[in-house]
Each structure stands twice: as structure tokens, then as C-alpha cells.
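Enquirer: Structure: entry_12.tsv, TSV, C-alpha atoms.
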chain	number	residue	atom	x	y	z
T	83	MET	CA	0.00	0.00	0.00
T	84	ALA	CA	1.25	3.49	-0.81
T	85	GLU	CA	-0.24	6.94	-0.30
T	86	THR	CA	0.50	10.55	0.48
T	87	VAL	CA	0.15	11.30	4.17
T	88	ARG	CA	0.62	14.29	6.45
T	89	MET	CA	3.19	14.18	9.23
T	90	GLN	CA	4.58	16.57	11.82
T	91	GLY	CA	8.07	17.66	11.00
T	92	HIS	CA	10.46	20.29	12.28
T	93	ASN	CA	8.85	22.82	14.65
T	94	GLY	CA	5.67	20.75	14.55
T	95	ASP	CA	5.02	21.88	10.98
T	96	GLU	CA	2.63	19.62	9.12
T	97	ILE	CA	4.22	18.49	5.87
T	98	GLU	CA	3.41	15.94	3.21
T	99	ALA	CA	5.16	12.61	3.01
T	100	TYR	CA	4.88	9.58	0.77
T	101	PHE	CA	4.33	6.41	2.74
T	102	ALA	CA	4.45	2.81	1.59
T	103	ARG	CA	4.10	-0.38	3.60
T	104	PRO	CA	3.62	-4.10	3.15
T	105	LEU	CA	0.05	-5.23	3.75
T	106	GLY	CA	0.80	-8.05	6.18
T	107	ALA	CA	0.70	-8.00	9.98
T	108	GLY	CA	4.44	-7.40	10.34
T	109	PRO	CA	6.39	-6.54	12.32
T	110	TYR	CA	8.31	-4.47	9.79
T	111	PRO	CA	11.38	-2.29	10.11
T	112	GLY	CA	11.11	1.33	9.05
T	113	VAL	CA	13.05	3.32	6.48
T	114	VAL	CA	13.15	7.08	6.05
T	115	VAL	CA	13.83	7.97	2.40
T	116	LEU	CA	15.37	11.38	1.65
T	117	HIS	CA	14.78	12.64	-1.88
T	118	HIS	CA	17.34	14.13	-4.21
T	119	MET	CA	17.76	17.71	-5.34
T	120	PRO	CA	15.18	17.39	-8.18
T	121	GLY	CA	12.70	16.96	-5.39
T	122	TRP	CA	9.94	14.78	-3.98
T	123	ASP	CA	9.34	13.24	-7.36
T	124	ASP	CA	8.00	10.11	-9.03
T	125	ALA	CA	11.40	8.43	-8.99
T	126	THR	CA	11.84	8.82	-5.24
T	127	LYS	CA	8.29	7.67	-4.57
T	128	GLU	CA	8.98	4.60	-6.67
T	129	ILE	CA	12.02	3.90	-4.48
T	130	THR	CA	9.81	4.27	-1.41
T	131	ARG	CA	7.41	1.68	-2.84
T	132	LYS	CA	10.37	-0.59	-3.61
T	133	PHE	CA	11.22	-0.70	0.08
T	134	SER	CA	7.67	-1.71	0.95
T	135	PHE	CA	7.91	-4.55	-1.59
T	136	TYR	CA	10.97	-5.81	0.28
T	137	GLY	CA	9.23	-5.71	3.66
T	138	PHE	CA	9.93	-2.24	5.05
T	139	ALA	CA	7.53	0.49	6.13
T	140	ALA	CA	9.01	3.44	4.25
T	141	ILE	CA	8.29	7.14	4.46
T	142	CYS	CA	9.64	9.92	2.26
T	143	PRO	CA	9.00	13.40	3.68
T	144	SER	CA	8.64	16.29	1.25
T	145	LEU	CA	11.63	18.31	2.39
T	146	PHE	CA	10.64	21.17	0.06
T	147	HIS	CA	7.03	21.23	1.33
T	148	ARG	CA	7.33	24.60	3.03
T	149	VAL	CA	8.21	26.53	-0.14
T	150	GLY	CA	4.77	25.58	-1.51
T	151	PRO	CA	1.96	25.20	-2.13
T	152	GLY	CA	2.67	24.59	-5.76
T	153	SER	CA	3.45	22.03	-8.38
T	154	PRO	CA	6.39	19.72	-7.61
T	155	ASP	CA	8.64	21.37	-10.21
T	156	ASP	CA	7.78	24.89	-8.98
T	157	MET	CA	8.67	23.79	-5.46
T	158	VAL	CA	12.01	22.41	-6.63
T	159	ALA	CA	12.79	25.65	-8.45
T	160	ALA	CA	11.92	27.75	-5.41
T	161	ALA	CA	14.00	25.57	-3.09
T	162	ARG	CA	16.87	25.63	-5.57
T	163	ALA	CA	16.80	29.44	-5.80
T	164	ALA	CA	16.83	29.66	-2.00
T	165	GLY	CA	19.93	27.47	-1.76
T	166	GLY	CA	18.18	24.38	-0.51
T	167	VAL	CA	16.58	23.79	2.87
T	168	PRO	CA	18.22	24.41	6.27
T	169	ASP	CA	20.02	21.45	7.81
T	170	GLU	CA	18.31	22.04	11.15
T	171	GLN	CA	14.95	21.76	9.44
T	172	VAL	CA	15.93	18.53	7.69
T	173	ILE	CA	16.93	16.95	11.01
T	174	GLY	CA	13.58	17.96	12.47
T	175	ASP	CA	11.73	16.49	9.52
T	176	VAL	CA	13.68	13.22	9.76
T	177	GLU	CA	12.85	12.99	13.46
T	178	GLY	CA	9.22	13.60	12.61
T	179	ALA	CA	9.30	10.83	10.01
T	180	MET	CA	10.80	8.51	12.60
T	181	ARG	CA	8.02	9.36	15.06
T	182	TYR	CA	5.52	8.52	12.35
T	183	LEU	CA	7.13	5.11	11.82
T	184	ARG	CA	7.33	4.40	15.54
T	185	SER	CA	3.62	5.12	15.90
T	186	LEU	CA	2.72	2.25	13.60
T	187	PRO	CA	1.41	-0.87	15.38
T	188	TYR	CA	3.32	-3.15	12.99
T	189	HIS	CA	6.70	-1.42	13.43
T	190	ASN	CA	9.52	-3.66	14.71
T	191	GLY	CA	11.41	-0.92	16.52
T	192	LYS	CA	14.25	-0.48	14.02
T	193	ILE	CA	14.64	2.48	11.66
T	194	GLY	CA	17.10	3.07	8.85
T	195	ILE	CA	17.60	6.08	6.62
T	196	ILE	CA	18.63	6.32	2.98
T	197	GLY	CA	19.20	9.41	0.87
T	198	PHE	CA	20.18	10.21	-2.70
T	199	CYS	CA	22.25	13.15	-3.95
T	200	SER	CA	21.56	16.03	-1.54
T	201	GLY	CA	19.60	13.43	0.41
T	202	GLY	CA	22.78	11.40	0.75
T	203	ARG	CA	24.50	14.33	2.41
T	204	GLN	CA	21.48	14.79	4.66
T	205	THR	CA	21.56	11.07	5.50
T	206	TYR	CA	25.20	11.28	6.59
T	207	MET	CA	24.31	14.31	8.72
T	208	SER	CA	21.28	12.53	10.23
T	209	ALA	CA	23.41	9.53	11.16
T	210	CYS	CA	25.59	11.91	13.18
T	211	LYS	CA	22.79	13.99	14.69
T	212	ILE	CA	20.08	11.44	15.53
T	213	PRO	CA	21.24	8.77	18.03
T	214	SER	CA	18.18	6.56	17.59
T	215	LEU	CA	18.81	5.69	13.93
T	216	ASP	CA	19.85	2.07	13.42
T	217	ALA	CA	21.44	2.21	9.95
T	218	ALA	CA	22.19	4.77	7.27
T	219	VAL	CA	22.79	4.55	3.52
T	220	ASP	CA	24.43	7.48	1.74
T	221	CYS	CA	23.91	7.27	-2.02
T	222	TRP	CA	26.35	9.68	-3.74
T	223	GLY	CA	25.84	12.46	-1.25
T	224	GLY	CA	27.78	15.47	-2.47
T	225	GLY	CA	28.87	18.06	0.05
T	226	VAL	CA	29.71	15.73	2.95
T	227	VAL	CA	33.20	17.09	2.39
T	228	ALA	CA	32.87	20.85	2.03
T	229	THR	CA	35.42	23.63	1.99
T	230	PRO	CA	34.53	26.78	3.99
T	231	ASP	CA	33.54	28.67	0.81
T	232	ARG	CA	30.85	26.06	0.12
T	233	LEU	CA	29.20	26.49	3.54
T	234	THR	CA	26.07	28.63	3.72
T	235	PRO	CA	23.78	29.90	6.46
T	236	ARG	CA	21.42	27.01	5.62
T	237	GLN	CA	24.19	24.42	5.55
T	238	PRO	CA	26.71	25.94	8.00
T	239	VAL	CA	28.69	22.81	8.93
T	240	ALA	CA	30.19	20.16	6.69
T	241	PRO	CA	28.77	16.75	7.64
T	242	LEU	CA	32.32	15.42	7.57
T	243	ASP	CA	32.99	17.53	10.66
T	244	MET	CA	30.15	15.73	12.44
T	245	THR	CA	31.66	12.27	11.91
T	246	LYS	CA	32.82	11.73	15.46
T	247	ASP	CA	29.17	11.70	16.54
T	248	MET	CA	28.01	9.13	13.96
T	249	ASN	CA	25.73	6.76	15.83
T	250	CYS	CA	24.92	3.91	13.47
T	251	PRO	CA	26.45	1.72	10.76
T	252	LEU	CA	26.87	3.50	7.44
T	253	LEU	CA	26.75	2.13	3.90
T	254	GLY	CA	28.05	4.40	1.13
T	255	ILE	CA	27.21	3.88	-2.55
T	256	PHE	CA	29.19	5.95	-5.07
T	257	GLY	CA	30.09	6.14	-8.76
T	258	ALA	CA	33.76	6.31	-9.70
T	259	ASP	CA	32.98	8.89	-12.41
T	260	ASP	CA	31.11	11.22	-10.06
T	261	GLU	CA	32.63	14.61	-9.28
T	262	ARG	CA	30.54	15.55	-6.29
T	263	PRO	CA	31.34	13.46	-4.42
T	264	SER	CA	34.53	12.62	-6.22
T	265	PRO	CA	36.59	9.53	-5.37
T	266	ALA	CA	38.89	11.92	-3.50
T	267	ASP	CA	35.92	13.15	-1.46
T	268	THR	CA	34.87	9.61	-0.55
T	269	ALA	CA	38.46	8.72	0.33
T	270	ARG	CA	38.60	11.75	2.61
T	271	THR	CA	35.32	10.64	4.21
T	272	GLU	CA	36.66	7.14	4.72
T	273	ASP	CA	39.73	8.53	6.45
T	274	GLU	CA	37.51	10.40	8.87
T	275	LEU	CA	35.31	7.36	9.53
T	276	LYS	CA	38.39	5.24	10.22
T	277	ARG	CA	39.83	7.96	12.43
T	278	TYR	CA	36.82	7.71	14.72
T	279	GLY	CA	36.47	3.93	14.47
T	280	LYS	CA	33.04	4.04	12.85
T	281	ASN	CA	31.20	1.02	11.47
T	282	TYR	CA	30.98	1.62	7.72
T	283	GLU	CA	31.35	0.07	4.29
T	284	PHE	CA	31.80	2.00	1.05
T	285	HIS	CA	31.30	0.73	-2.49
T	286	THR	CA	32.44	2.77	-5.48
T	287	TYR	CA	31.27	1.46	-8.84
T	288	GLU	CA	33.41	1.68	-11.94
T	289	GLY	CA	31.64	2.88	-15.07
T	290	ALA	CA	29.06	4.76	-13.04
T	291	GLY	CA	28.69	8.41	-12.16
T	292	HIS	CA	26.24	10.41	-10.10
T	293	GLY	CA	22.74	9.12	-9.61
T	294	PHE	CA	23.22	5.81	-11.38
T	295	PHE	CA	20.04	4.33	-9.88
T	296	ALA	CA	17.91	6.77	-11.91
T	297	VAL	CA	16.24	4.76	-14.69
T	298	ASP	CA	14.91	7.95	-16.30
T	299	ARG	CA	18.28	9.68	-16.71
T	300	PRO	CA	21.27	9.07	-18.99
T	301	GLY	CA	23.41	8.15	-15.99
T	302	TYR	CA	21.48	4.95	-15.28
T	303	ARG	CA	23.73	1.91	-15.04
T	304	SER	CA	21.66	-1.23	-14.79
T	305	VAL	CA	24.36	-3.70	-13.75
T	306	GLN	CA	25.88	-1.44	-11.13
T	307	ALA	CA	22.46	-0.37	-9.83
T	308	THR	CA	21.24	-3.94	-9.51
T	309	ASP	CA	24.30	-4.93	-7.52
T	310	ALA	CA	24.15	-1.84	-5.34
T	311	TRP	CA	20.46	-2.40	-4.57
T	312	LYS	CA	21.31	-5.90	-3.37
T	313	LYS	CA	23.87	-4.37	-1.01
T	314	VAL	CA	21.39	-1.78	0.27
T	315	LEU	CA	18.73	-4.38	1.00
T	316	ALA	CA	21.21	-6.77	2.65
T	317	PHE	CA	22.57	-3.93	4.79
T	318	PHE	CA	19.14	-2.90	5.97
T	319	GLY	CA	18.14	-6.53	6.37
T	320	GLU	CA	21.09	-7.10	8.70
T	321	HIS	CA	20.82	-3.95	10.77
T	322	LEU	CA	17.07	-3.48	10.93
T	323	ASN	CA	16.14	-7.04	12.02
T	324	ALA	CA	14.29	-7.76	8.80
T	325	THR	CA	12.55	-11.11	8.78
T	326	GLU	CA	13.60	-14.09	6.69
T	327	SER	CA	10.65	-13.50	4.36
T	328	THR	CA	11.97	-10.02	3.62
T	329	LEU	CA	15.44	-11.27	2.76
T	330	ALA	CA	13.97	-14.04	0.62
T	331	GLN	CA	12.43	-11.43	-1.69
T	332	GLN	CA	15.81	-9.98	-2.68
T	333	PRO	CA	16.66	-10.40	-6.39
T	334	ALA	CA	18.91	-13.21	-7.60
T	335	ALA	CA	22.48	-12.42	-8.62
T	336	VAL	CA	22.87	-10.69	-11.98
T	337	GLY	CA	25.87	-11.71	-14.02
T	338	ALA	CA	25.19	-10.09	-17.41
T	339	ALA	CA	27.92	-7.89	-18.83
T	340	PRO	CA	27.18	-4.19	-19.33
T	341	ARG	CA	25.76	-3.30	-22.75
X	222	MET	CA	26.30	15.72	-8.99
X	223	CYS	CA	24.03	18.40	-7.56
X	224	THR	CA	25.92	21.63	-7.95
X	225	TRP	CA	23.66	24.20	-6.33
X	226	ILE	CA	25.03	26.71	-8.89
X	227	VAL	CA	22.59	29.62	-8.96
X	228	GLU	CA	23.06	33.01	-10.59
X	229	LYS	CA	20.37	35.64	-10.31
X	230	ALA	CA	19.52	38.68	-12.41
X	231	ASP	CA	16.97	41.37	-11.71
X	232	ILE	CA	14.92	41.75	-14.87
X	233	MET	CA	11.98	43.70	-16.23
X	234	GLY	CA	9.50	42.43	-18.76
X	235	SER	CA	6.70	39.92	-19.08
X	236	GLY	CA	6.50	36.17	-19.17
X	237	LYS	CA	3.75	33.76	-20.07
X	238	GLY	CA	3.23	31.00	-17.51
X	239	ALA	CA	0.54	28.48	-16.70
X	240	GLU	CA	-1.90	31.24	-15.72
X	241	GLY	CA	-1.10	33.58	-18.60
X	242	TRP	CA	1.06	36.68	-18.86
X	243	PHE	CA	2.58	38.25	-15.76
X	244	PRO	CA	5.29	40.83	-14.99
X	245	LEU	CA	8.77	39.37	-14.50
X	246	LYS	CA	11.15	40.49	-11.77
X	247	LYS	CA	13.99	38.01	-11.64
X	248	ALA	CA	15.79	35.38	-13.67
X	249	ASN	CA	17.34	32.48	-11.74
X	250	VAL	CA	19.94	30.68	-13.82
X	251	CYS	CA	21.22	27.35	-12.55
X	252	TYR	CA	23.47	24.62	-13.84
X	253	ASP	CA	22.22	21.52	-12.10
X	254	HIS	CA	20.01	18.43	-12.37
X	255	PRO	CA	16.98	19.20	-14.53
X	256	TYR	CA	13.45	18.29	-13.56
X	257	HIS	CA	12.12	17.33	-16.99
X	258	ALA	CA	14.88	17.32	-19.62
X	259	PRO	CA	16.44	13.87	-20.03
X	260	LEU	CA	19.89	15.09	-19.04
X	261	ASP	CA	22.16	14.65	-16.05
X	262	HIS	CA	22.81	18.40	-15.93
X	263	ALA	CA	21.30	21.33	-17.79
X	264	VAL	CA	21.14	25.09	-17.81
X	265	LEU	CA	17.97	25.82	-15.88
X	266	ILE	CA	16.43	29.23	-16.38
X	267	ASP	CA	13.49	30.32	-14.27
X	268	PHE	CA	11.87	33.64	-15.12
X	269	VAL	CA	9.94	34.48	-11.94
X	270	ASN	CA	7.96	37.00	-9.97
X	271	GLU	CA	8.26	35.84	-6.38
X	272	ASP	CA	5.70	38.39	-5.22
X	273	ARG	CA	3.08	36.27	-7.04
X	274	GLY	CA	4.07	32.94	-5.53
X	275	ILE	CA	6.22	30.10	-6.75
X	276	GLY	CA	3.82	29.29	-9.58
X	277	ALA	CA	4.61	32.58	-11.32
X	278	ARG	CA	7.43	31.00	-13.24
X	279	VAL	CA	8.43	30.43	-16.84
X	280	ALA	CA	10.94	27.61	-16.91
X	281	VAL	CA	13.33	26.25	-19.52
X	282	GLU	CA	15.93	23.50	-19.26
X	283	LEU	CA	18.63	23.56	-21.93
X	284	THR	CA	21.77	21.69	-22.88
X	285	PRO	CA	24.93	23.78	-22.42
X	286	GLU	CA	25.30	24.01	-26.19
X	287	SER	CA	21.73	25.26	-26.53
X	288	ALA	CA	22.28	27.82	-23.80
X	289	ARG	CA	25.39	29.14	-25.56
X	290	GLY	CA	23.47	29.27	-28.83
X	291	LEU	CA	20.70	31.17	-27.08
X	292	MET	CA	23.18	33.70	-25.68
X	293	LYS	CA	24.54	34.28	-29.18
X	294	ALA	CA	21.04	34.71	-30.59
X	295	ILE	CA	20.13	37.19	-27.84
X	296	GLN	CA	23.33	39.15	-28.41
X	297	ALA	CA	22.81	39.15	-32.18
X	298	ALA	CA	19.24	40.39	-31.84
X	299	LEU	CA	20.33	43.16	-29.46
X	300	ASP	CA	23.22	44.16	-31.72
X	301	GLU	CA	20.89	44.48	-34.68
X	302	GLY	CA	18.35	46.38	-32.60
X	303	GLU	CA	21.06	48.80	-31.47
X	304	ALA	CA	22.28	49.18	-35.04
X	305	GLN	CA	18.79	50.26	-35.99
X	306	HIS	CA	18.65	52.60	-32.94
X	307	LEU	CA	15.71	50.68	-31.56
X	308	VAL	CA	17.11	49.61	-28.16
X	309	GLU	CA	16.24	51.76	-25.12
X	310	PRO	CA	18.82	52.40	-22.33
X	311	ALA	CA	19.44	49.42	-20.01
X	312	LEU	CA	17.10	49.29	-17.03
X	313	ALA	CA	17.96	45.85	-15.52
X	314	THR	CA	21.15	44.96	-13.61
X	315	HIS	CA	22.81	41.57	-13.09
X	316	THR	CA	23.53	40.43	-9.54
X	317	HIS	CA	25.40	37.36	-8.34
X	318	SER	CA	23.66	35.13	-5.77
Rewrite the structure from the file as C-alpha cells, please.
Expert:
Amino acid sequence: MAETVRMQGHNGDEIEAYFARPLGAGPYPGVVVLHHMPGWDDATKEITRKFSFYGFAAICPSLFHRVGPGSPDDMVAAARAAGGVPDEQVIGDVEGAMRYLRSLPYHNGKIGIIGFCSGGRQTYMSACKIPSLDAAVDCWGGGVVATPDRLTPRQPVAPLDMTKDMNCPLLGIFGADDERPSPADTARTEDELKRYGKNYEFHTYEGAGHGFFAVDRPGYRSVQATDAWKKVLAFFGEHLNATESTLAQQPAAVGAAPR
Amino acid sequence: MCTWIVEKADIMGSGKGAEGWFPLKKANVCYDHPYHAPLDHAVLIDFVNEDRGIGARVAVELTPESARGLMKAIQAALDEGEAQHLVEPALATHTHS
């Protein structure tokens, strides 16, 4: 089942979210999905539904909700012109999404978070700021490593500088051809995670760039995306106490060569 | 990669959006992930009037080559207009974000 719901986010603001869940009795782990810079769009909602297929109750808050009301593309444009949304607000919205998941009678008590693009950066930040998260997946989050000239009043601290407070295991998915984050950026991030003894695993895919899960964009890489999705689901399965039936729904290994 | 590259220009004129013609006040020019164009990155130009809400927007998403071609066409049209003494003194200024 999937639908648009209302939830309380930062400052108690009511915002829209896309929610998807399996229809059984559960219990199911929860996943907070953070959308990419192009917004709370069809692609991200499809990802949210994907998690429900694999046995997770998933919620994707509309992080750009407050610039509306308006059409999704107008909201993206307004948020883009404003320089994105404040980090403090994102943390509040993630916490609100977690409260929503915890209120569900079929929730198993475990919550993970996954984000794409700007959502990946926000996921890394959430893993450092929210102690009650159980697992985090950063998909090509640019701006985790940020020089002082890239900081803004809305994003005043580089998430890299929050690493010592990371509270949960982290999975990172990256493309070797990406430039933000570049392989140098992810190497820098790994150094910091090792420095503080954090539980993490990073996978950088050759022949892939930014956003390679996106089936509607030229950067889609089917072989790399299929393998990376397996890793995401296994990671959440391990850390969020997913049931055997959830793990049994994961796709079989794909061995075809890239076209 | 999301770039968050945004340049802004104060402008004067009119644009035709979903609700018809409206006065324009600003052009936001970005180089980032497009919403509709099937590209990884594009030049995103939003002609807006924020006083009228976020829906007062005329949007285009162009390849870099198209954007450069557009700049040339704009410059050529202005040059010809000036040659014919048809262009009024500049009223709009460009500001960096």
C-alpha cells in the first residue's frame, strides 16, 4: 500500500510525506527515504514503494514542502533558488518521520535512513545527529566534504565535521565517475570514519557516475544499480532485524555484462 | 552531482506561464540536475515574480550548447536592434547570488 500522508516535521510543521508499507501483519522495520535535489518526485516515490515490496515500512518526507503550495517542479525551483533547505529543518523532519514510523502498530522498533544526492549528504548528517537511527545509507551524497567557501547559512557545517558523533552503521554507494562526491571526497570521508572507528562500508562502482540508480536519466547503469540495490537491502536486512521472508524477496544475482 | 550553482539577475519584462502573462522580476539561472529534460545536468532558467508565488514561473531546461546558442542569438538580436537605434537604455542589472 502506498499513499500521500501528512506528518509533523520540524517545529511541529505539518508536511506531506509519501508512505508505503507491506500489507501483512508485520512486524516491519522502518526506512526514512530522503529525496534528491530534483525533489519529492516520481522516482523517489517509486524507491519508497520498492522498500515496501521488500518488507519495510518506508516514508519519504517532502523536504521542500514549506516553499509551496505549488506544483512539484515549482517547489524544486523555489528551493533551488533559495539554496536548498536548512540542515536544522531537515533533522527535524527526519525525526518527525521517525516518530511517524514508531507510531505504527506493525513497526519492529528499528529504523534506517537512505538518501540520494543532496539526500545522501542529509543522510550522513542525520546519522551523526540522531542517536536513535539504526542504519544509514548514503547514495552519492555530495557536500559531505565541504570547503569553507561552500558552507552557507542554511548548511553551516560540513557533515564530515560531524563524523565523530556518527551513531549507526553506514553504507556508502558511489560512482567512480562522479565529481561531487569525487573519489577523492569519498576517500577523505573514509579517512575520517576510520579515524573515529566508525562502522561503515563503502562501495564505489566503476563505469558509473552520479545518480546511477535513476532509470529515467542518462546516468542509469543497470548492472551497477542492480548490484548496489542488493547491497542496500542486505545492509538494511542485517541492521534493521528484517525477517527471513523479507530477505527471501531480494533479487537473484545478476551476471550479465554491461551493454 | 548536484551543484547548487545559482546566478540571479533582476529583470523587467513579461512572461507567459501556466496562468497567462505576468510581470517578470527576476531570472534564476542554474546549472544543475533538470526536472524534466532527459539530461544529467542542464542550464535551468526560471523567469519568476516571487511576489506572485512560486507558480509565477516560466521555466526552460537547456543543454549547455543550446544555452550558448541562445546567448549568441540574444546578443545578435540586441546588436541588430542597437544598429537600428531601436534599443532603449538598459534598465535591468545583473547580480550574483
Enquirer: Kindly indicate which residue among T:Thr234, T:Gln90, T:Ser144, T:Ser134 lies nearest to chain X, using all atoms listed in the file for the distances.
Expert: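 Checking each of T:Thr234, T:Gln90, T:Ser144, T:Ser134 against chain X, counting all atoms listed in the file, the winner is T:Thr234.
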Enquirer: Chain T residues within 6 Å of chain X, counting only C-alpha atoms: which ones, as a list in words?
Expert: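 Therefore, the residues near the partner are Pro120, Asp156, Arg262, His292 and Arg299 of chain T.
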Enquirer: What is the atom CA of Tyr252 of chain X to atom CA of Gly174 of chain T distance in Å?
Expert: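 For atom CA of Tyr252 of chain X relative to atom CA of Gly174 of chain T, the distance reads 28.9 Å.
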Enquirer: Work out how far atom CA of Glu177 of chain T is from atom CA of Arg236 of chain T, in Å to one decimal.
Expert: 18.2 Å
Enquirer: I'd like to know which of T:Gly108, T:Pro154, T:Gly223, T:Pro263 is closest to Ile196 of chain T, using all atoms listed in the file.
Expert: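 So, comparing all the options, the nearest one is T:Gly223.
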Enquirer: Find the residues around Gln171 of chain T up to 10 Å (all atoms listed in the file counted), leave out those fewer than 2 positions away in its own chain, and share them as a PyMOL selection string.
Expert: chain T and resi 91-93+145+167-169+173-177+236
Enquirer: So how many Å separate atom CA of Ile212 of chain T and atom CA of Pro265 of chain T, to one decimal?
Expert: 26.7 Å
Enquirer: Residues within 7 Å of Val227 of chain T, please, as a PDB file with C-alpha atoms, keeping the file's coordinate frame. Count all atoms listed in the file; anything in the same chain fewer than 5 positions from it doesn't count.
Expert:
ATOM      1  CA  ALA T 240      30.190  20.160   6.690  1.00  0.00           C
ATOM      2  CA  PRO T 241      28.770  16.750   7.640  1.00  0.00           C
ATOM      3  CA  LEU T 242      32.320  15.420   7.570  1.00  0.00           C
ATOM      4  CA  ASP T 267      35.920  13.150  -1.460  1.00  0.00           C
TER       5      ASP T 267
END
